[in-house]
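Participant: I have a structure I would like to understand better, so I am pasting it below and will then ask my questions one at a time.
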Amino acid sequence: MSGPSDNSESKREVALLSWIQQFAPYGVLTLDKSFQVQSWNHWMEVHSAMRFENIAGKSIFALFPTLQDRKLVAPFERALNGETSVLSTALHRYLLPLPSPIRRSGAAQMLQTAQIAPLLLGSVVCGIVVVIEDVTQRESQAEALRRQHRRDKILSWALTHLWKSDEPRKIIRQLFFKIAEHLDFDTFLLYLRDIETGTLALYTAGGIPPELAKEFADYPLLASVAQSREMVVIDSIQARQQPEYAPLKKAGASAAIAIPLFANERPLGLLCFASWSRESIATEESDLLTTIAQYLATAVDRENTNRQLQRAREELQSHAQLLEKKVEERTARLQETISELETFSYTLAHDLKAPLRGMIGYCQILLEDFGGILPPEAHNIVERLARTPRRMEALIKDLLQFSDISRQEIVLSRVEIEPVIDDILALRAPGVRQATTIRTPLQPVRAHLTLLQQVLANLVDNAIKFVHPKTQAKITIFTEVVSHSSPSTRSQPLLFNSTETAPPGSSDSPLEITPKGVRIWVVDEGIGIPIEAHQKIFGIFERGAFAERYEGTGMGLAIVARATQRMGGTCGVESKPGHGSRFWIELPAA
């Protein structure tokens, strides 16, 4: 007799079989030793669309004839011999051809793993039990991850190689072959625009028959796509009858994609891929190609920019060399001209001195030998005639002096002003020393001793000369320290600016901006100068409004301005008619 425990175990077995039949999330079916269906759970009814009562007692190989075609009879036979077989998706994809539960899985049949095992009654094989698990979603997700991994890998490879290379054009073919292999494309074409002309031309291609290469070199259809910014996908090419698709049809293409290349709003070219085996191109493929095309456009634009920069640098260098050569040539011509002018000025000065001295001598003979018989009017004319060559001789002397100042080498050093003033006054008339007031101390300056003597001598001579008739000149000389340099009264340079050199062993540059300077004043109580003439009087041959009454060549203040400029200083005047003049020169403090 069976006890209560036997009844409980029997109930549990019945409950388990009922759950497997009604609720199991996988397919379970049993076969007898003749491979006829003995059981068929609810999962199998749902996924096969076949009810158990309609297939009970029928052979599994009659229900699914493809099992024999796919050579899957052996696992069932081994099960009758007591062996268990496990079928995976890697080798067989599926056991029974059931419809895929996921429409976009990429497969028409459900992906399955299956276990085919003997059905035992005690130790005796009485049939076969088959367990089928739907792994379509899992495998689809795994495949999507694998595709994403391959996509990321190729994007990373493309980005790394395109940006690592200074000349990405050289790796384009290698890149495109890798893309074509990954996405199963048979043909690629790359069109690029010339940097200078903007002309679109086929740069490289693969998978194009040689006899069709000329047709793709100038293909209006792709050229029109390159003008736009929109990607174009062409499916079912072989079914299209329009003449513009003829070259693609001849090449055997069944689907193609063309992507314009743009970077920084600049059209750079066109990238095209084509397949011979597929009628369409998936969206994820076009997205991947669009990303790669953007990488390529950015890399090509960078290369174009670098080429243009290199070309600009070469042109700039060439222009700089040409400019330097022209400057050297013009400097040489200028130096030659200056040398010729100097030679001419000296020659002219010396040649003019002889006839001038002759004129002076003849005038003196006339006055000495025939002065008693000359009428008073004629006597005055001869005297005036004698003064004219003397004035011209003085003018020539001043011009040569001005020329010497412009040519001589200037070396600046510390100069004490008081000894210079003493030397100048010592060479003037005795009354000049008594008429001159010197406010000591006089600050030392950095200057050229000879030029400074000449400048101060000219200013003192002007103060002595330009006074009212029968009036004794009164001169005051003093210095003051200024915190910043002042512009010259005459703003325009006299001839040209020059860079002076410091004496050996000196760390100071003569034109170096110093924190302070020294202004030397020479003040007189003479006739004064109108304000509108302040700038003019420092020019060559320029004289003040009242200067016609006084002898002079108009070179004294020009020499002052030029000499001060050569020493790196400035000069100027403060004056008005009837109130004297305050001339100043400003030089770096010692």
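Labeling convention for the structure tokens: chains A, B, ... as they appear, residues from 1 per chain, ligands from 1 in order of appearance.
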Counting only C-alpha atoms, what is within 9 Å of Ile464 (chain A), bar same-chain residues fewer than 2 positions away, as a ChimeraX atom specification?
Facilitator: /A:432,459-462,466-467,472-475,524,526
Participant: Return as a ChimeraX atom specification the full set of residues in region 198-338 of chain A whose backbone-based DSSP assignment is strand (DSSP E or B).
Facilitator: /A:200-206,232-234,255-263,266-275
Participant: Using only C-alpha atoms, which residues sit within 7 Å of Ala447 (chain A) once same-chain residues fewer than 2 positions away are excluded, as a PDB file with N, CA and C atoms, in the first residue's frame?
Facilitator:
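Contents of result.pdb, freshly written:
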ATOM      1  N   LEU A 412      78.939 109.856 -27.775  1.00  0.00           N
ATOM      2  CA  LEU A 412      78.473 110.668 -26.650  1.00  0.00           C
ATOM      3  C   LEU A 412      79.224 110.320 -25.383  1.00  0.00           C
ATOM      4  N   SER A 413      79.433 111.314 -24.569  1.00  0.00           N
ATOM      5  CA  SER A 413      80.102 111.125 -23.284  1.00  0.00           C
ATOM      6  C   SER A 413      79.645 112.231 -22.341  1.00  0.00           C
ATOM      7  N   ARG A 414      80.087 112.175 -21.114  1.00  0.00           N
ATOM      8  CA  ARG A 414      79.725 113.203 -20.116  1.00  0.00           C
ATOM      9  C   ARG A 414      80.444 114.519 -20.460  1.00  0.00           C
ATOM     10  N   VAL A 415      79.708 115.609 -20.509  1.00  0.00           N
ATOM     11  CA  VAL A 415      80.274 116.920 -20.837  1.00  0.00           C
ATOM     12  C   VAL A 415      79.837 117.923 -19.766  1.00  0.00           C
ATOM     13  N   VAL A 445      75.724 116.989 -19.104  1.00  0.00           N
ATOM     14  CA  VAL A 445      74.873 116.261 -20.056  1.00  0.00           C
ATOM     15  C   VAL A 445      75.703 115.203 -20.771  1.00  0.00           C
ATOM     16  N   LEU A 449      81.286 116.726 -27.472  1.00  0.00           N
ATOM     17  CA  LEU A 449      81.865 117.988 -27.027  1.00  0.00           C
ATOM     18  C   LEU A 449      81.927 119.019 -28.151  1.00  0.00           C
ATOM     19  N   LEU A 452      78.452 120.217 -29.215  1.00  0.00           N
ATOM     20  CA  LEU A 452      77.832 121.057 -28.192  1.00  0.00           C
ATOM     21  C   LEU A 452      78.464 122.456 -28.194  1.00  0.00           C
ATOM     22  N   MET A 567      72.925 114.324 -31.548  1.00  0.00           N
ATOM     23  CA  MET A 567      73.265 113.951 -30.168  1.00  0.00           C
ATOM     24  C   MET A 567      72.085 113.333 -29.421  1.00  0.00           C
TER      25      MET A 567
END
Participant: Given only C-alpha atoms as the basis, pick out the residue of A:Pro168, A:Gly122, A:Gly578, A:Pro487 nearest to Asn306 (chain A).
Facilitator: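 The shortest atom-to-atom distance to Asn306 (chain A) comes from A:Pro168.
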Participant: Mind checking which residues fall within 12 Å of Ile424 (chain A), counting only C-alpha atoms, ignoring those fewer than 2 positions away in the same chain, and posting them as a count of residues only?
Facilitator: 25
Participant: With distances taken over only C-alpha atoms, which of A:Leu451, A:Arg12, A:Pro530, A:Lys325 is nearest to Ile559 (chain A)?
Facilitator: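 Answer, going by the shortest atom-to-atom distance: A:Leu451.
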Participant: Give me, please, the distance in Å between CA of Glu284 (chain A) and CA of Arg169 (chain A), quoted to one decimal.
Facilitator: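 It comes out at 25.8 Å.
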Participant: Residues within 10 Å of Gln364 (chain A), please, as JSON, numbers by chain. Count only C-alpha atoms; anything in the same chain fewer than 6 positions from it doesn't count.
Facilitator: {"A": [358, 370, 371, 382, 383, 386]}
Participant: Emit the selected residues as a PDB file, in the first residue's frame, including C-alpha atoms.
Facilitator:
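Result went into result-v4.pdb, see below:
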ATOM      1  CA  GLY A 358      89.352 137.075 -57.019  1.00  0.00           C
ATOM      2  CA  PHE A 370      91.241 154.170 -57.808  1.00  0.00           C
ATOM      3  CA  GLY A 371      89.120 155.135 -54.813  1.00  0.00           C
ATOM      4  CA  VAL A 382      82.234 148.586 -55.310  1.00  0.00           C
ATOM      5  CA  GLU A 383      81.924 148.267 -51.507  1.00  0.00           C
ATOM      6  CA  ALA A 386      82.954 143.340 -52.169  1.00  0.00           C
TER       7      ALA A 386
END
Participant: Region 293-298 of chain A: which residues within 7 Å, counting only C-alpha atoms, same-chain residues fewer than 2 positions away excluded, as a list of chain:residue names?
Facilitator: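 What passes the distance filter is A:Leu159, A:Leu162, A:Leu261, A:Phe262, A:Ala263, A:Leu268, A:Leu271, A:Leu289, A:Thr290, A:Thr291, A:Val300, A:Asp301, A:Arg302.
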Participant: Please produce a file of those selected residues containing N, CA and C atoms, as an mmCIF file, in the first residue's frame.
Facilitator:
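Saved to selection.cif:
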data_model
loop_
_atom_site.group_PDB
_atom_site.id
_atom_site.type_symbol
_atom_site.label_atom_id
_atom_site.label_comp_id
_atom_site.auth_asym_id
_atom_site.auth_seq_id
_atom_site.Cartn_x
_atom_site.Cartn_y
_atom_site.Cartn_z
ATOM 1 N N LEU A 159 39.375 58.484 -36.473
ATOM 2 C CA LEU A 159 39.674 59.767 -35.845
ATOM 3 C C LEU A 159 41.151 59.855 -35.462
ATOM 4 N N LEU A 162 43.332 60.079 -38.753
ATOM 5 C CA LEU A 162 43.143 61.324 -39.500
ATOM 6 C C LEU A 162 43.751 62.508 -38.771
ATOM 7 N N LEU A 261 31.141 66.836 -48.358
ATOM 8 C CA LEU A 261 32.129 67.148 -47.327
ATOM 9 C C LEU A 261 32.166 68.660 -47.116
ATOM 10 N N PHE A 262 31.842 69.089 -45.908
ATOM 11 C CA PHE A 262 31.863 70.516 -45.555
ATOM 12 C C PHE A 262 32.620 70.682 -44.242
ATOM 13 N N ALA A 263 33.365 71.803 -44.131
ATOM 14 C CA ALA A 263 34.031 72.174 -42.884
ATOM 15 C C ALA A 263 34.123 73.687 -42.831
ATOM 16 N N LEU A 268 34.242 71.022 -49.498
ATOM 17 C CA LEU A 268 35.554 70.410 -49.726
ATOM 18 C C LEU A 268 35.514 69.270 -50.726
ATOM 19 N N LEU A 271 32.091 62.240 -50.650
ATOM 20 C CA LEU A 271 32.455 60.867 -50.324
ATOM 21 C C LEU A 271 31.305 59.956 -50.736
ATOM 22 N N LEU A 289 28.721 56.470 -41.687
ATOM 23 C CA LEU A 289 29.456 57.079 -42.793
ATOM 24 C C LEU A 289 29.417 58.602 -42.713
ATOM 25 N N THR A 290 28.304 59.160 -42.253
ATOM 26 C CA THR A 290 28.212 60.616 -42.099
ATOM 27 C C THR A 290 29.206 61.118 -41.060
ATOM 28 N N THR A 291 29.334 60.382 -39.953
ATOM 29 C CA THR A 291 30.300 60.763 -38.916
ATOM 30 C C THR A 291 31.723 60.694 -39.452
ATOM 31 N N VAL A 300 40.792 67.161 -43.735
ATOM 32 C CA VAL A 300 41.201 67.735 -45.015
ATOM 33 C C VAL A 300 41.242 69.257 -44.939
ATOM 34 N N ASP A 301 40.261 69.844 -44.248
ATOM 35 C CA ASP A 301 40.260 71.301 -44.096
ATOM 36 C C ASP A 301 41.487 71.765 -43.312
ATOM 37 N N ARG A 302 41.842 70.996 -42.275
ATOM 38 C CA ARG A 302 43.049 71.338 -41.516
ATOM 39 C C ARG A 302 44.292 71.237 -42.400
#
Participant: From a DSSP pass on the backbone, collect the residues of region 146-394 of chain A flagged as alpha helix (DSSP H) and hand them back as a PyMOL selection string.
Facilitator: chain A and resi 146-164+172-183+213-217+220-227+246-250+283-370+376-394
Participant: So how many Å separate CA of Pro99 (chain A) and CA of Ala49 (chain A), to one decimal?
Facilitator: 9.5 Å
Participant: Considering only C-alpha atoms, tabulate each residue of region 132-203 of chain A that lies at most 8 Å from region 274-282 of chain A along with its nearest interatomic pair and the corresponding distance in Å to one decimal; arrange the rows by chain and ascending residue number and present them as JSON lines.
Facilitator:
{"residue": "A:Asp184", "atom": "CA", "partner": "A:Ser275", "partner_atom": "CA", "distance": 7.3}
{"residue": "A:Phe185", "atom": "CA", "partner": "A:Ser275", "partner_atom": "CA", "distance": 4.8}
{"residue": "A:Asp186", "atom": "CA", "partner": "A:Ser275", "partner_atom": "CA", "distance": 5.1}
{"residue": "A:Thr187", "atom": "CA", "partner": "A:Ala274", "partner_atom": "CA", "distance": 5.0}
{"residue": "A:Phe188", "atom": "CA", "partner": "A:Ala274", "partner_atom": "CA", "distance": 6.3}
Participant: Could you write out the selected residues, including N, CA and C atoms, as an mmCIF file, in the first residue's frame?
Facilitator:
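What follows is the written file result-v3.cif:
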data_model
loop_
_atom_site.group_PDB
_atom_site.id
_atom_site.type_symbol
_atom_site.label_atom_id
_atom_site.label_comp_id
_atom_site.auth_asym_id
_atom_site.auth_seq_id
_atom_site.Cartn_x
_atom_site.Cartn_y
_atom_site.Cartn_z
ATOM 1 N N ASP A 184 30.719 46.113 -45.430
ATOM 2 C CA ASP A 184 30.400 45.288 -46.594
ATOM 3 C C ASP A 184 30.033 46.146 -47.815
ATOM 4 N N PHE A 185 30.902 47.123 -48.123
ATOM 5 C CA PHE A 185 30.772 47.898 -49.356
ATOM 6 C C PHE A 185 31.828 47.415 -50.349
ATOM 7 N N ASP A 186 31.502 47.545 -51.636
ATOM 8 C CA ASP A 186 32.399 47.055 -52.682
ATOM 9 C C ASP A 186 33.119 48.182 -53.420
ATOM 10 N N THR A 187 32.616 49.404 -53.320
ATOM 11 C CA THR A 187 33.156 50.520 -54.104
ATOM 12 C C THR A 187 33.169 51.781 -53.250
ATOM 13 N N PHE A 188 34.213 52.573 -53.413
ATOM 14 C CA PHE A 188 34.226 53.905 -52.797
ATOM 15 C C PHE A 188 34.853 54.896 -53.776
#
Participant: Please provide as a ChimeraX atom specification all residues within 12 Å of Lys71 (chain A), with the sequence filter that same-chain residues fewer than 5 positions apart are discarded (counting only C-alpha atoms).
Facilitator: /A:61,65-66,76-77,92,95
Participant: Any chance you can output those residues with C-alpha atoms as a PDB file, in the first residue's frame?
Facilitator:
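Generated output (selection.pdb):
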ATOM      1  CA  PHE A  61      10.427  15.393 -39.154  1.00  0.00           C
ATOM      2  CA  PRO A  65      11.109  18.805 -42.935  1.00  0.00           C
ATOM      3  CA  THR A  66      14.058  21.242 -42.792  1.00  0.00           C
ATOM      4  CA  PHE A  76      17.408  12.861 -31.872  1.00  0.00           C
ATOM      5  CA  GLU A  77      18.930   9.472 -32.664  1.00  0.00           C
ATOM      6  CA  HIS A  92      22.745  26.219 -35.803  1.00  0.00           C
ATOM      7  CA  LEU A  95      16.350  24.041 -33.899  1.00  0.00           C
TER       8      LEU A  95
END
Participant: Which region 257-307 of chain A residues have any atom within 7 Å of an atom of region 223-230 of chain A, and for each, what is the nearest pair of atoms with distance in Å to one decimal, counting only C-alpha atoms, rows sorted by chain and number, as a tab-separated table?
Facilitator:
residue	atom	partner	partner_atom	distance
A:Pro260	CA	A:Ala226	CA	5.0
A:Gly269	CA	A:Ala226	CA	6.2
A:Leu270	CA	A:Ala226	CA	5.4
Participant: Next, write the just-selected residues to a file, as an mmCIF file, in the first residue's frame, keeping N, CA and C atoms as the atom set.
Facilitator:
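Writing the result to selection-v5.cif gives the following:
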data_model
loop_
_atom_site.group_PDB
_atom_site.id
_atom_site.type_symbol
_atom_site.label_atom_id
_atom_site.label_comp_id
_atom_site.auth_asym_id
_atom_site.auth_seq_id
_atom_site.Cartn_x
_atom_site.Cartn_y
_atom_site.Cartn_z
ATOM 1 N N PRO A 260 28.195 64.892 -49.014
ATOM 2 C CA PRO A 260 29.020 66.092 -49.251
ATOM 3 C C PRO A 260 29.947 66.354 -48.061
ATOM 4 N N GLY A 269 34.357 68.621 -50.901
ATOM 5 C CA GLY A 269 34.313 67.503 -51.837
ATOM 6 C C GLY A 269 33.119 66.607 -51.591
ATOM 7 N N LEU A 270 33.289 65.322 -51.925
ATOM 8 C CA LEU A 270 32.182 64.359 -51.843
ATOM 9 C C LEU A 270 32.748 62.979 -51.559
#
Participant: Between A:Ser165, A:Leu183, A:Ile20, A:Asn304, which one has atoms that come closest to Arg147 (chain A), using only C-alpha atoms?
Facilitator: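 Among the listed residues, A:Leu183 lies closest to Arg147 (chain A).
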Participant: Provide the CA of Pro97 (chain A) to CA of Met110 (chain A) distance in Å, to one decimal place.
Facilitator: 7.0 Å
